[in-house]
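**Q** What follows is entry_37.txt, made up of compact mmCIF, C-alpha atoms:
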```
# COMPACT_ATOMS: atom_id res chain seq x y z
CA MET Y 30 -32.15 2.55 -1.59
CA ILE Y 31 -28.63 3.88 -1.96
CA ASP Y 32 -28.45 7.65 -1.66
CA LYS Y 33 -25.87 8.41 -4.35
CA SER Y 34 -25.35 11.89 -3.00
CA SER Y 35 -24.41 10.92 0.56
CA SER Y 36 -20.85 11.51 1.70
CA MET Y 37 -20.54 7.89 2.80
CA GLN Y 38 -21.58 6.63 -0.62
CA GLN Y 39 -19.12 9.00 -2.30
CA ILE Y 40 -16.31 7.61 -0.14
CA ILE Y 41 -17.28 4.03 -0.96
CA ASP Y 42 -17.44 4.85 -4.67
CA PHE Y 43 -13.97 6.40 -4.44
CA ILE Y 44 -12.42 3.45 -2.64
CA LEU Y 45 -13.88 1.04 -5.21
CA GLU Y 46 -12.65 3.25 -8.04
CA ILE Y 47 -9.07 3.25 -6.74
CA ASP Y 48 -9.29 -0.54 -6.47
CA LYS Y 49 -8.43 -0.42 -10.18
CA LEU Y 50 -4.86 0.59 -9.35
CA LYS Y 51 -4.26 -3.07 -8.43
CA LYS Y 52 -4.69 -3.91 -12.12
CA VAL Y 53 -2.17 -1.39 -13.48
CA THR Y 54 1.19 -2.97 -14.27
CA ARG Y 55 4.66 -1.56 -13.66
CA LYS Y 56 7.82 -2.90 -15.29
CA ILE Y 57 9.17 -4.74 -12.25
CA ARG Y 58 8.03 -8.30 -11.70
CA VAL Y 59 7.26 -9.41 -8.16
CA ARG Y 60 10.24 -11.46 -7.00
CA GLY Y 61 9.42 -15.13 -7.14
CA LEU Y 62 6.29 -14.60 -9.26
CA ASP Y 63 5.81 -14.04 -12.95
CA ARG Y 64 3.36 -11.15 -12.67
CA PHE Y 65 4.27 -7.48 -12.81
CA GLU Y 66 4.15 -5.34 -9.71
CA ASN Y 67 1.24 -2.88 -9.47
CA PRO Y 68 1.31 0.71 -8.20
CA ALA Y 69 -0.90 -0.14 -5.20
CA GLU Y 70 1.56 -2.55 -3.60
CA HIS Y 71 4.44 -0.33 -4.74
CA SER Y 72 2.87 2.64 -2.92
CA TRP Y 73 2.57 0.58 0.25
CA GLN Y 74 6.20 -0.47 0.03
CA ILE Y 75 7.61 3.02 -0.49
CA ALA Y 76 5.49 4.40 2.35
CA LEU Y 77 7.33 1.93 4.58
CA LEU Y 78 10.68 2.69 2.95
CA ALA Y 79 10.09 6.36 3.75
CA SER Y 80 9.20 5.50 7.36
CA SER Y 81 12.28 3.35 7.76
CA LEU Y 82 14.63 5.87 6.13
CA ALA Y 83 13.25 9.02 7.73
CA GLN Y 84 16.39 9.57 9.79
CA TYR Y 85 18.30 10.06 6.51
CA ALA Y 86 16.03 12.73 5.04
CA GLU Y 87 17.91 15.99 4.51
CA PRO Y 88 16.56 18.36 5.70
CA ALA Y 89 14.32 16.66 8.26
CA VAL Y 90 10.78 16.11 6.99
CA ASN Y 91 7.24 15.74 8.23
CA LEU Y 92 7.04 12.00 7.70
CA ASN Y 93 3.24 11.86 7.87
CA ARG Y 94 2.98 14.20 4.93
CA VAL Y 95 5.53 12.15 2.99
CA ILE Y 96 3.49 9.00 3.58
CA ALA Y 97 0.23 10.70 2.60
CA MET Y 98 1.87 11.87 -0.64
CA LEU Y 99 3.22 8.43 -1.46
CA LEU Y 100 -0.17 6.79 -0.93
CA VAL Y 101 -1.82 8.99 -3.56
CA HIS Y 102 1.03 9.75 -5.98
CA ASP Y 103 0.28 6.98 -8.51
CA ILE Y 104 -3.53 7.08 -8.51
CA GLY Y 105 -3.66 8.94 -11.85
CA GLU Y 106 -2.28 5.79 -13.47
CA ILE Y 107 -5.75 4.27 -13.18
CA ASP Y 108 -6.58 6.32 -16.29
CA THR Y 109 -3.17 6.70 -17.91
CA GLY Y 110 -1.44 3.40 -17.11
CA ASP Y 111 2.12 3.30 -15.82
CA THR Y 112 3.98 5.85 -17.90
CA ILE Y 113 7.12 3.98 -18.88
CA ALA Y 114 9.63 5.22 -16.38
CA PHE Y 115 12.55 5.42 -18.75
CA VAL Y 116 10.90 6.92 -21.82
CA GLU Y 117 12.48 10.31 -22.42
CA GLY Y 118 10.32 13.10 -23.81
CA GLY Y 119 6.55 13.49 -23.78
CA TRP Y 120 6.74 13.99 -20.02
CA ASP Y 121 4.60 17.15 -19.89
CA LYS Y 122 1.84 15.55 -21.91
CA ARG Y 123 1.75 12.46 -19.73
CA LYS Y 124 1.73 14.55 -16.57
CA ALA Y 125 -1.16 16.66 -17.90
CA ALA Y 126 -3.13 13.46 -18.50
CA GLU Y 127 -2.35 12.25 -14.99
CA LEU Y 128 -3.48 15.56 -13.53
CA GLN Y 129 -6.78 15.26 -15.37
CA ALA Y 130 -7.11 11.71 -14.02
CA VAL Y 131 -6.51 12.63 -10.39
CA LYS Y 132 -8.92 15.54 -10.67
CA ARG Y 133 -11.57 13.09 -11.82
CA ILE Y 134 -10.78 10.48 -9.18
CA PHE Y 135 -10.16 12.71 -6.14
CA GLY Y 136 -13.21 14.69 -7.27
CA MET Y 137 -15.35 11.70 -6.32
CA LEU Y 138 -14.70 12.43 -2.64
CA PRO Y 139 -16.86 14.70 -0.51
CA GLY Y 140 -15.83 17.96 1.11
CA LYS Y 141 -12.26 19.08 1.54
CA ARG Y 142 -10.71 15.64 0.91
CA THR Y 143 -10.65 16.29 -2.85
CA GLU Y 144 -8.48 19.36 -2.42
CA GLU Y 145 -6.27 17.72 0.19
CA PHE Y 146 -5.45 14.72 -1.99
CA LEU Y 147 -4.97 16.92 -5.06
CA SER Y 148 -2.65 19.16 -3.14
CA LEU Y 149 -0.58 16.17 -1.98
CA TRP Y 150 -0.39 14.90 -5.56
CA GLN Y 151 0.69 18.29 -6.87
CA GLU Y 152 3.26 18.76 -4.13
CA PHE Y 153 4.78 15.38 -5.01
CA GLU Y 154 4.90 16.26 -8.70
CA ALA Y 155 6.42 19.70 -8.15
CA GLY Y 156 9.17 18.22 -5.96
CA GLU Y 157 9.92 21.56 -4.33
CA THR Y 158 9.30 20.93 -0.63
CA PRO Y 159 11.62 18.81 1.55
CA GLU Y 160 8.75 16.32 1.95
CA SER Y 161 8.19 15.92 -1.77
CA ARG Y 162 11.91 15.70 -2.47
CA PHE Y 163 12.25 12.89 0.05
CA ALA Y 164 9.13 11.19 -1.31
CA ASN Y 165 10.50 11.37 -4.85
CA ALA Y 166 13.86 9.97 -3.72
CA VAL Y 167 12.16 6.97 -2.16
CA ASP Y 168 9.92 6.44 -5.18
CA ARG Y 169 12.87 6.43 -7.59
CA ALA Y 170 15.04 4.26 -5.36
CA MET Y 171 12.61 1.36 -4.89
CA PRO Y 172 12.73 -0.10 -8.42
CA VAL Y 173 16.52 0.24 -8.35
CA LEU Y 174 16.67 -1.73 -5.10
CA LEU Y 175 14.39 -4.40 -6.58
CA ASN Y 176 16.38 -4.63 -9.81
CA LEU Y 177 19.59 -5.00 -7.82
CA THR Y 178 18.18 -8.14 -6.18
CA ASN Y 179 16.37 -9.36 -9.28
CA ASN Y 180 19.30 -9.61 -11.65
CA GLY Y 181 18.37 -6.30 -13.34
CA GLN Y 182 15.08 -7.79 -14.56
CA SER Y 183 13.26 -4.65 -15.73
CA TRP Y 184 16.49 -3.04 -17.02
CA ARG Y 185 17.31 -6.04 -19.14
CA GLU Y 186 13.75 -6.70 -20.31
CA ASN Y 187 13.38 -3.09 -21.46
CA ASP Y 188 16.97 -2.68 -22.66
CA ILE Y 189 17.75 0.17 -20.27
CA SER Y 190 21.38 1.21 -19.96
CA TYR Y 191 23.28 2.08 -16.79
CA GLU Y 192 23.56 5.70 -17.97
CA ARG Y 193 19.84 5.97 -18.47
CA VAL Y 194 19.06 4.62 -15.01
CA VAL Y 195 21.49 7.04 -13.40
CA ARG Y 196 20.13 9.97 -15.40
CA ARG Y 197 16.59 9.01 -14.38
CA VAL Y 198 17.11 8.47 -10.65
CA ALA Y 199 20.30 10.14 -9.43
CA PRO Y 200 19.16 13.80 -9.29
CA GLN Y 201 16.02 13.01 -7.28
CA ILE Y 202 17.67 10.57 -4.89
CA LYS Y 203 20.62 12.91 -4.28
CA ALA Y 204 18.26 15.82 -3.67
CA GLY Y 205 15.96 14.05 -1.23
CA CYS Y 206 18.12 11.48 0.50
CA PRO Y 207 21.86 11.90 -0.12
CA ALA Y 208 22.84 8.95 2.09
CA LEU Y 209 20.66 6.65 0.02
CA TRP Y 210 22.33 7.84 -3.18
CA GLU Y 211 25.75 7.24 -1.63
CA TYR Y 212 24.66 3.67 -0.93
CA LEU Y 213 23.12 3.10 -4.37
CA GLU Y 214 25.95 4.63 -6.37
CA VAL Y 215 28.30 1.85 -5.28
CA ARG Y 216 25.69 -0.87 -5.91
CA LEU Y 217 24.92 0.48 -9.39
CA ASP Y 218 28.62 0.39 -10.27
CA GLU Y 219 28.80 -3.22 -9.13
CA ALA Y 220 25.68 -4.04 -11.15
CA ARG Y 221 27.24 -2.53 -14.26
CA ALA Y 222 30.32 -4.68 -13.78
CA LYS Y 223 28.05 -7.71 -13.55
CA GLY Y 224 26.22 -6.80 -16.76
CA LEU Y 225 22.77 -6.22 -15.22
CA PHE Y 226 21.84 -3.44 -17.65
CA GLY Y 227 20.59 -3.34 -21.23
CA GLU Y 228 22.31 -1.88 -24.34
CA MET X 211 32.01 -4.29 0.07
CA ILE X 212 28.61 -4.14 1.72
CA ASP X 213 28.82 -3.35 5.41
CA LYS X 214 26.11 -5.68 6.72
CA SER X 215 26.05 -3.86 10.04
CA SER X 216 25.30 -0.38 8.69
CA SER X 217 21.90 1.15 9.43
CA MET X 218 21.36 1.83 5.74
CA GLN X 219 21.99 -1.81 4.87
CA GLN X 220 19.62 -2.94 7.64
CA ILE X 221 16.87 -0.72 6.22
CA ILE X 222 17.44 -2.06 2.69
CA ASP X 223 17.38 -5.64 3.98
CA PHE X 224 14.10 -4.91 5.77
CA ILE X 225 12.45 -3.36 2.74
CA LEU X 226 13.44 -6.32 0.58
CA GLU X 227 12.21 -8.73 3.25
CA ILE X 228 8.76 -7.12 3.36
CA ASP X 229 8.64 -7.33 -0.43
CA LYS X 230 7.50 -10.91 0.26
CA LEU X 231 4.12 -9.62 1.43
CA LYS X 232 3.25 -9.10 -2.26
CA LYS X 233 3.30 -12.90 -2.64
CA VAL X 234 0.92 -13.70 0.23
CA THR X 235 -2.62 -14.36 -0.94
CA ARG X 236 -5.87 -13.28 0.66
CA LYS X 237 -9.29 -14.74 -0.20
CA ILE X 238 -10.54 -11.83 -2.29
CA ARG X 239 -9.69 -11.84 -5.99
CA VAL X 240 -8.74 -8.55 -7.62
CA ARG X 241 -11.80 -7.38 -9.54
CA GLY X 242 -11.33 -8.06 -13.22
CA LEU X 243 -8.36 -10.36 -12.67
CA ASP X 244 -8.13 -14.00 -11.69
CA ARG X 245 -5.41 -13.59 -9.06
CA PHE X 246 -5.98 -13.18 -5.33
CA GLU X 247 -5.41 -9.86 -3.65
CA ASN X 248 -2.29 -9.60 -1.49
CA PRO X 249 -1.91 -7.89 1.90
CA ALA X 250 0.46 -5.24 0.49
CA GLU X 251 -2.08 -3.73 -1.90
CA HIS X 252 -4.82 -4.31 0.68
CA SER X 253 -2.84 -2.30 3.24
CA TRP X 254 -2.47 0.55 0.76
CA GLN X 255 -6.19 0.55 0.06
CA ILE X 256 -7.31 0.60 3.68
CA ALA X 257 -4.83 3.37 4.50
CA LEU X 258 -6.72 5.45 1.91
CA LEU X 259 -10.09 4.24 3.15
CA ALA X 260 -9.11 5.45 6.63
CA SER X 261 -8.01 8.82 5.22
CA SER X 262 -11.24 9.22 3.30
CA LEU X 263 -13.44 8.14 6.20
CA ALA X 264 -11.66 10.00 8.98
CA GLN X 265 -14.58 12.40 9.53
CA TYR X 266 -16.68 9.39 10.58
CA ALA X 267 -14.30 8.06 13.23
CA GLU X 268 -15.91 8.12 16.67
CA PRO X 269 -14.26 9.45 18.76
CA ALA X 270 -11.98 11.56 16.55
CA VAL X 271 -8.63 9.91 15.88
CA ASN X 272 -5.03 10.76 15.07
CA LEU X 273 -5.23 9.74 11.42
CA ASN X 274 -1.47 9.55 10.95
CA ARG X 275 -1.22 6.89 13.63
CA VAL X 276 -4.11 4.97 12.06
CA ILE X 277 -2.32 4.98 8.70
CA ALA X 278 0.99 3.91 10.24
CA MET X 279 -0.79 1.03 11.96
CA LEU X 280 -2.53 -0.11 8.79
CA LEU X 281 0.73 -0.09 6.83
CA VAL X 282 2.36 -2.58 9.21
CA HIS X 283 -0.59 -4.61 10.50
CA ASP X 284 -0.32 -7.51 8.04
CA ILE X 285 3.47 -7.86 7.84
CA GLY X 286 3.50 -10.95 10.09
CA GLU X 287 1.69 -12.80 7.32
CA ILE X 288 5.02 -13.03 5.49
CA ASP X 289 5.79 -15.93 7.85
CA THR X 290 2.31 -17.17 8.73
CA GLY X 291 0.35 -16.62 5.50
CA ASP X 292 -3.08 -15.03 5.52
CA THR X 293 -4.87 -16.58 8.46
CA ILE X 294 -8.24 -17.49 7.02
CA ALA X 295 -10.39 -14.61 8.09
CA PHE X 296 -13.48 -16.66 8.84
CA VAL X 297 -11.97 -19.64 10.61
CA GLU X 298 -13.26 -19.65 14.15
CA GLY X 299 -11.00 -20.86 16.92
CA GLY X 300 -7.21 -21.17 16.97
CA TRP X 301 -7.04 -17.37 16.98
CA ASP X 302 -4.61 -17.06 19.90
CA LYS X 303 -2.20 -19.52 18.40
CA ARG X 304 -2.20 -17.76 15.03
CA LYS X 305 -1.72 -14.39 16.67
CA ALA X 306 1.23 -15.71 18.70
CA ALA X 307 2.83 -16.90 15.46
CA GLU X 308 2.25 -13.51 13.88
CA LEU X 309 3.80 -11.76 16.86
CA GLN X 310 6.89 -13.93 16.53
CA ALA X 311 6.99 -13.07 12.83
CA VAL X 312 6.79 -9.30 13.30
CA LYS X 313 9.43 -9.45 16.03
CA ARG X 314 11.75 -11.14 13.55
CA ILE X 315 10.92 -8.78 10.68
CA PHE X 316 10.77 -5.44 12.53
CA GLY X 317 13.88 -6.59 14.39
CA MET X 318 15.82 -6.23 11.14
CA LEU X 319 15.53 -2.44 11.42
CA PRO X 320 18.07 -0.25 13.21
CA GLY X 321 17.47 1.87 16.29
CA LYS X 322 14.06 2.75 17.64
CA ARG X 323 12.15 1.84 14.45
CA THR X 324 11.87 -1.78 15.59
CA GLU X 325 10.03 -0.77 18.75
CA GLU X 326 7.89 1.81 16.97
CA PHE X 327 6.62 -0.65 14.37
CA LEU X 328 6.10 -3.36 16.97
CA SER X 329 4.16 -0.97 19.13
CA LEU X 330 1.91 0.00 16.19
CA TRP X 331 1.32 -3.68 15.42
CA GLN X 332 0.46 -4.44 19.03
CA GLU X 333 -1.82 -1.44 19.35
CA PHE X 334 -3.73 -2.59 16.27
CA GLU X 335 -4.06 -6.11 17.62
CA ALA X 336 -5.20 -4.99 21.07
CA GLY X 337 -7.88 -2.75 19.55
CA GLU X 338 -8.18 -0.67 22.69
CA THR X 339 -7.33 2.85 21.54
CA PRO X 340 -9.64 4.96 19.35
CA GLU X 341 -6.99 4.78 16.59
CA SER X 342 -6.78 1.00 16.63
CA ARG X 343 -10.55 0.62 16.81
CA PHE X 344 -10.95 2.80 13.74
CA ALA X 345 -8.11 0.94 11.98
CA ASN X 346 -9.76 -2.41 12.74
CA ALA X 347 -13.12 -1.14 11.49
CA VAL X 348 -11.60 -0.14 8.18
CA ASP X 349 -9.66 -3.40 7.87
CA ARG X 350 -12.79 -5.50 8.43
CA ALA X 351 -14.96 -3.36 6.16
CA MET X 352 -12.78 -3.49 3.04
CA PRO X 353 -13.32 -7.15 2.08
CA VAL X 354 -17.05 -6.67 2.70
CA LEU X 355 -17.11 -3.71 0.34
CA LEU X 356 -15.22 -5.71 -2.28
CA ASN X 357 -17.49 -8.74 -1.91
CA LEU X 358 -20.55 -6.52 -2.28
CA THR X 359 -19.31 -5.41 -5.71
CA ASN X 360 -17.88 -8.78 -6.65
CA ASN X 361 -21.00 -10.91 -6.37
CA GLY X 362 -19.93 -12.25 -2.96
CA GLN X 363 -16.90 -13.94 -4.54
CA SER X 364 -14.88 -14.87 -1.42
CA TRP X 365 -18.04 -15.66 0.61
CA ARG X 366 -19.30 -18.05 -2.02
CA GLU X 367 -15.93 -19.62 -2.79
CA ASN X 368 -15.34 -20.32 0.90
CA ASP X 369 -18.95 -21.11 1.76
CA ILE X 370 -19.26 -18.32 4.31
CA SER X 371 -22.75 -17.54 5.59
CA TYR X 372 -24.30 -14.15 6.19
CA GLU X 373 -24.32 -14.82 9.94
CA ARG X 374 -20.65 -15.66 9.96
CA VAL X 375 -19.71 -12.47 8.12
CA VAL X 376 -21.76 -10.34 10.48
CA ARG X 377 -20.28 -12.08 13.54
CA ARG X 378 -16.80 -11.53 12.18
CA VAL X 379 -17.05 -7.86 11.19
CA ALA X 380 -19.97 -6.14 12.93
CA PRO X 381 -18.50 -5.66 16.44
CA GLN X 382 -15.28 -4.07 15.14
CA ILE X 383 -16.93 -1.85 12.55
CA LYS X 384 -19.60 -0.67 15.01
CA ALA X 385 -16.94 0.06 17.62
CA GLY X 386 -14.61 2.03 15.35
CA CYS X 387 -16.86 3.63 12.76
CA PRO X 388 -20.59 3.41 13.56
CA ALA X 389 -21.66 5.33 10.44
CA LEU X 390 -19.87 2.77 8.28
CA TRP X 391 -21.69 -0.07 10.01
CA GLU X 392 -25.00 1.70 9.49
CA TYR X 393 -24.19 1.85 5.78
CA LEU X 394 -23.01 -1.76 5.55
CA GLU X 395 -25.84 -3.29 7.55
CA VAL X 396 -28.34 -2.34 4.84
CA ARG X 397 -26.07 -3.54 2.04
CA LEU X 398 -25.45 -6.88 3.77
CA ASP X 399 -29.20 -7.41 4.09
CA GLU X 400 -29.62 -6.71 0.39
CA ALA X 401 -26.77 -9.10 -0.40
CA ARG X 402 -28.44 -11.83 1.63
CA ALA X 403 -31.65 -11.33 -0.32
CA LYS X 404 -29.64 -11.69 -3.53
CA GLY X 405 -28.00 -14.93 -2.34
CA LEU X 406 -24.41 -13.67 -2.26
CA PHE X 407 -23.43 -15.81 0.74
CA GLY X 408 -22.47 -19.45 1.20
CA GLU X 409 -24.29 -22.14 3.20
```
Before we go any further, please render this structure as C-alpha cells.
**A**
Amino acid sequence: MIDKSSSMQQIIDFILEIDKLKKVTRKIRVRGLDRFENPAEHSWQIALLASSLAQYAEPAVNLNRVIAMLLVHDIGEIDTGDTIAFVEGGWDKRKAAELQAVKRIFGMLPGKRTEEFLSLWQEFEAGETPESRFANAVDRAMPVLLNLTNNGQSWRENDISYERVVRRVAPQIKAGCPALWEYLEVRLDEARAKGLFGE
Amino acid sequence: MIDKSSSMQQIIDFILEIDKLKKVTRKIRVRGLDRFENPAEHSWQIALLASSLAQYAEPAVNLNRVIAMLLVHDIGEIDTGDTIAFVEGGWDKRKAAELQAVKRIFGMLPGKRTEEFLSLWQEFEAGETPESRFANAVDRAMPVLLNLTNNGQSWRENDISYERVVRRVAPQIKAGCPALWEYLEVRLDEARAKGLFGE
C-alpha cells in the first residue's frame, strides 16, 4: 500500500508532476531537430551558462542560489504554457497565473521545501537581488545566443523585429551581466545587417 | 570581428557546444509524447529530485555540490551517445571515451572552470564522496520512477528483467539514499507482479 501522506510519496508525486515541463514548448527549435525546445532542457542549459559566466556577474553573486532559481523559474509553465516571450501587454495577468501554478506545484512538497522553492521563484520574478538580476540576464540571453546560430529561427518564424528583441532583453542583460550585453550588442547589430529578424 | 580567444567567446562556444546534449536520446520516452527523453532535461529533473530529497541523504550532503555534479554528469554523452544503461560489460571502455569527451568539452572553457567541471564529473563517476553517492542514487532512481508510471516502457522495449534492473540500481540507491531504496523496493516488487519487465 502506498501511504499518500508520506513525505517520500509527496516528493515522488512532485517529481512526476514536474516531468510535464518536458512537454511544454518554447519558440526555439533544437538545432538540428525539428522539435521545439522545452523549458526543462532550457533550464538545464542556463544553469550551466550561469556557472560558466559567474565571473562576469556584477556585483558578484551567490552562484548556488542563481542555479537554484534557474532550475525552478519555469515550472509554472506546466499549467500556463510558455507565455510568448515577445507578446507585449497582459504580463501581470500571465504572471498571476504562473504564481498560482507554482503555488499548486511546489505545494505538493513536504515541509519547508514548498516555501523555499516559492521564495526562489518569487525572487527570480522580482529581479531585485544581484542573484535574480544575473539569473534573468542569463535567461534572456540564451534564446538570443541560439537564434544567432540558428539563422534567427524563432525571430523570423514569429516575425519579431530587431527593436523588439532589444527592448525585451537589453535592460535585463545589462542589469545582470553587462559584459554579456557588450558582447551581444555587437552580434545583434551584425544579425540585423544579415536580415535575421522579422518585420 | 569576433575575438575567438576572449573568455566571453569561449564561454559562448561552450554553451552552444553543450546544446547538442538536447539531441542525445535516452531509453525512456517522455510521458505523453513519442520522443525519447534527452540527458539535458533528465539532468534538470534529477537536480530537482536531489533538492527535494536532500533530507533523506545519508550522511547529510552539500546539496549545491550534488546539483553541480548532476548538471555536468552526462555531458560526455555528446560524443559517446547514451551508453545503454543496462548493457553489462564494456563499462571501462565506455567510461574512458566519456572522460575523453568531457576533457574536450570542458576544455573549451576559460580559466579554472575547466578543472572545476572535470573534477565534478570525476567525483560523480568515482562515487566515493557522500555527495557523489547521493547524486548517483538520484540518477539511478529517476528512470525507475518514470518506468513505474509508464507501464515499464523502457524495460519492456529493451527486454530488461526485474533482476537486471535491481542489479543495476539497488547498490547505488541503497548507498546514497537508503529511504529511497526502501520506497522503491516495494514498488519494484509490485511492478514485477504486474509484469512490467522484459524476459
**Q** Residues of chain X within 7 Å of chain Y, counting only C-alpha atoms, what are they? List them as JSON, numbers by chain.
**A** {"X": [221, 225, 232, 250, 251, 253, 254, 259, 262, 263, 274, 281, 323]}
**Q** Hey, can you check how far atom CA of Glu335 of chain X sits from atom CA of Met318 of chain X?
**A**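 These atoms are spaced 20.9 Å apart.
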**Q** Rounded to one decimal, what separation in Å do you get between atom CA of His283 of chain X and atom CA of Ser216 of chain X?
**A**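 If I compute the distance from atom CA of His283 of chain X to atom CA of Ser216 of chain X, I get 26.3 Å.
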**Q** What's the separation between atom CA of Glu367 of chain X and atom CA of Asp244 of chain X, in Å to one decimal place?
**A**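 Between atom CA of Glu367 of chain X and atom CA of Asp244 of chain X the gap is 13.1 Å.
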**Q** Name the residues, using the chain letters and numbers of the file, that sit within 6 Å of (-14.2, -1.1, 10.7) when counting all atoms listed in the file, and give them as a VMD selection string.
**A** chain X and resid 344 346 to 351 382 to 383 386 to 387
**Q** May I have the residues within 8 Å of Glu308 of chain X as a list in words, using all atoms listed in the file and disregarding those fewer than 5 positions away in the same chain?
**A**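 In the requested form, the answer reads Gly286, Glu287, Asp289 and Thr290 of chain X.
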**Q** Between Y:Ala220, Y:Phe153, Y:Lys132, Y:Val198, which one has atoms that come closest to Asn176 of chain Y, using only C-alpha atoms?
**A**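 For Asn176 of chain Y, the nearest of the given residues is Y:Ala220.
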**Q** When distances are computed from all atoms listed in the file, which of Y:Ala164, Y:Ile107, Y:Val53, Y:Leu217 shows the smallest separation from Val90 of chain Y?
**A**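 Ranked by minimum distance to Val90 of chain Y, first place goes to Y:Ala164.
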**Q** Let me make sure I understand: among Y:Met98, Y:Gly181, Y:Ile134, Y:Gly227, which one has the smallest atom-to-atom distance to Gln151 of chain Y if we use all atoms listed in the file?
**A**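 Selected residue with least distance to Gln151 of chain Y: Y:Met98.
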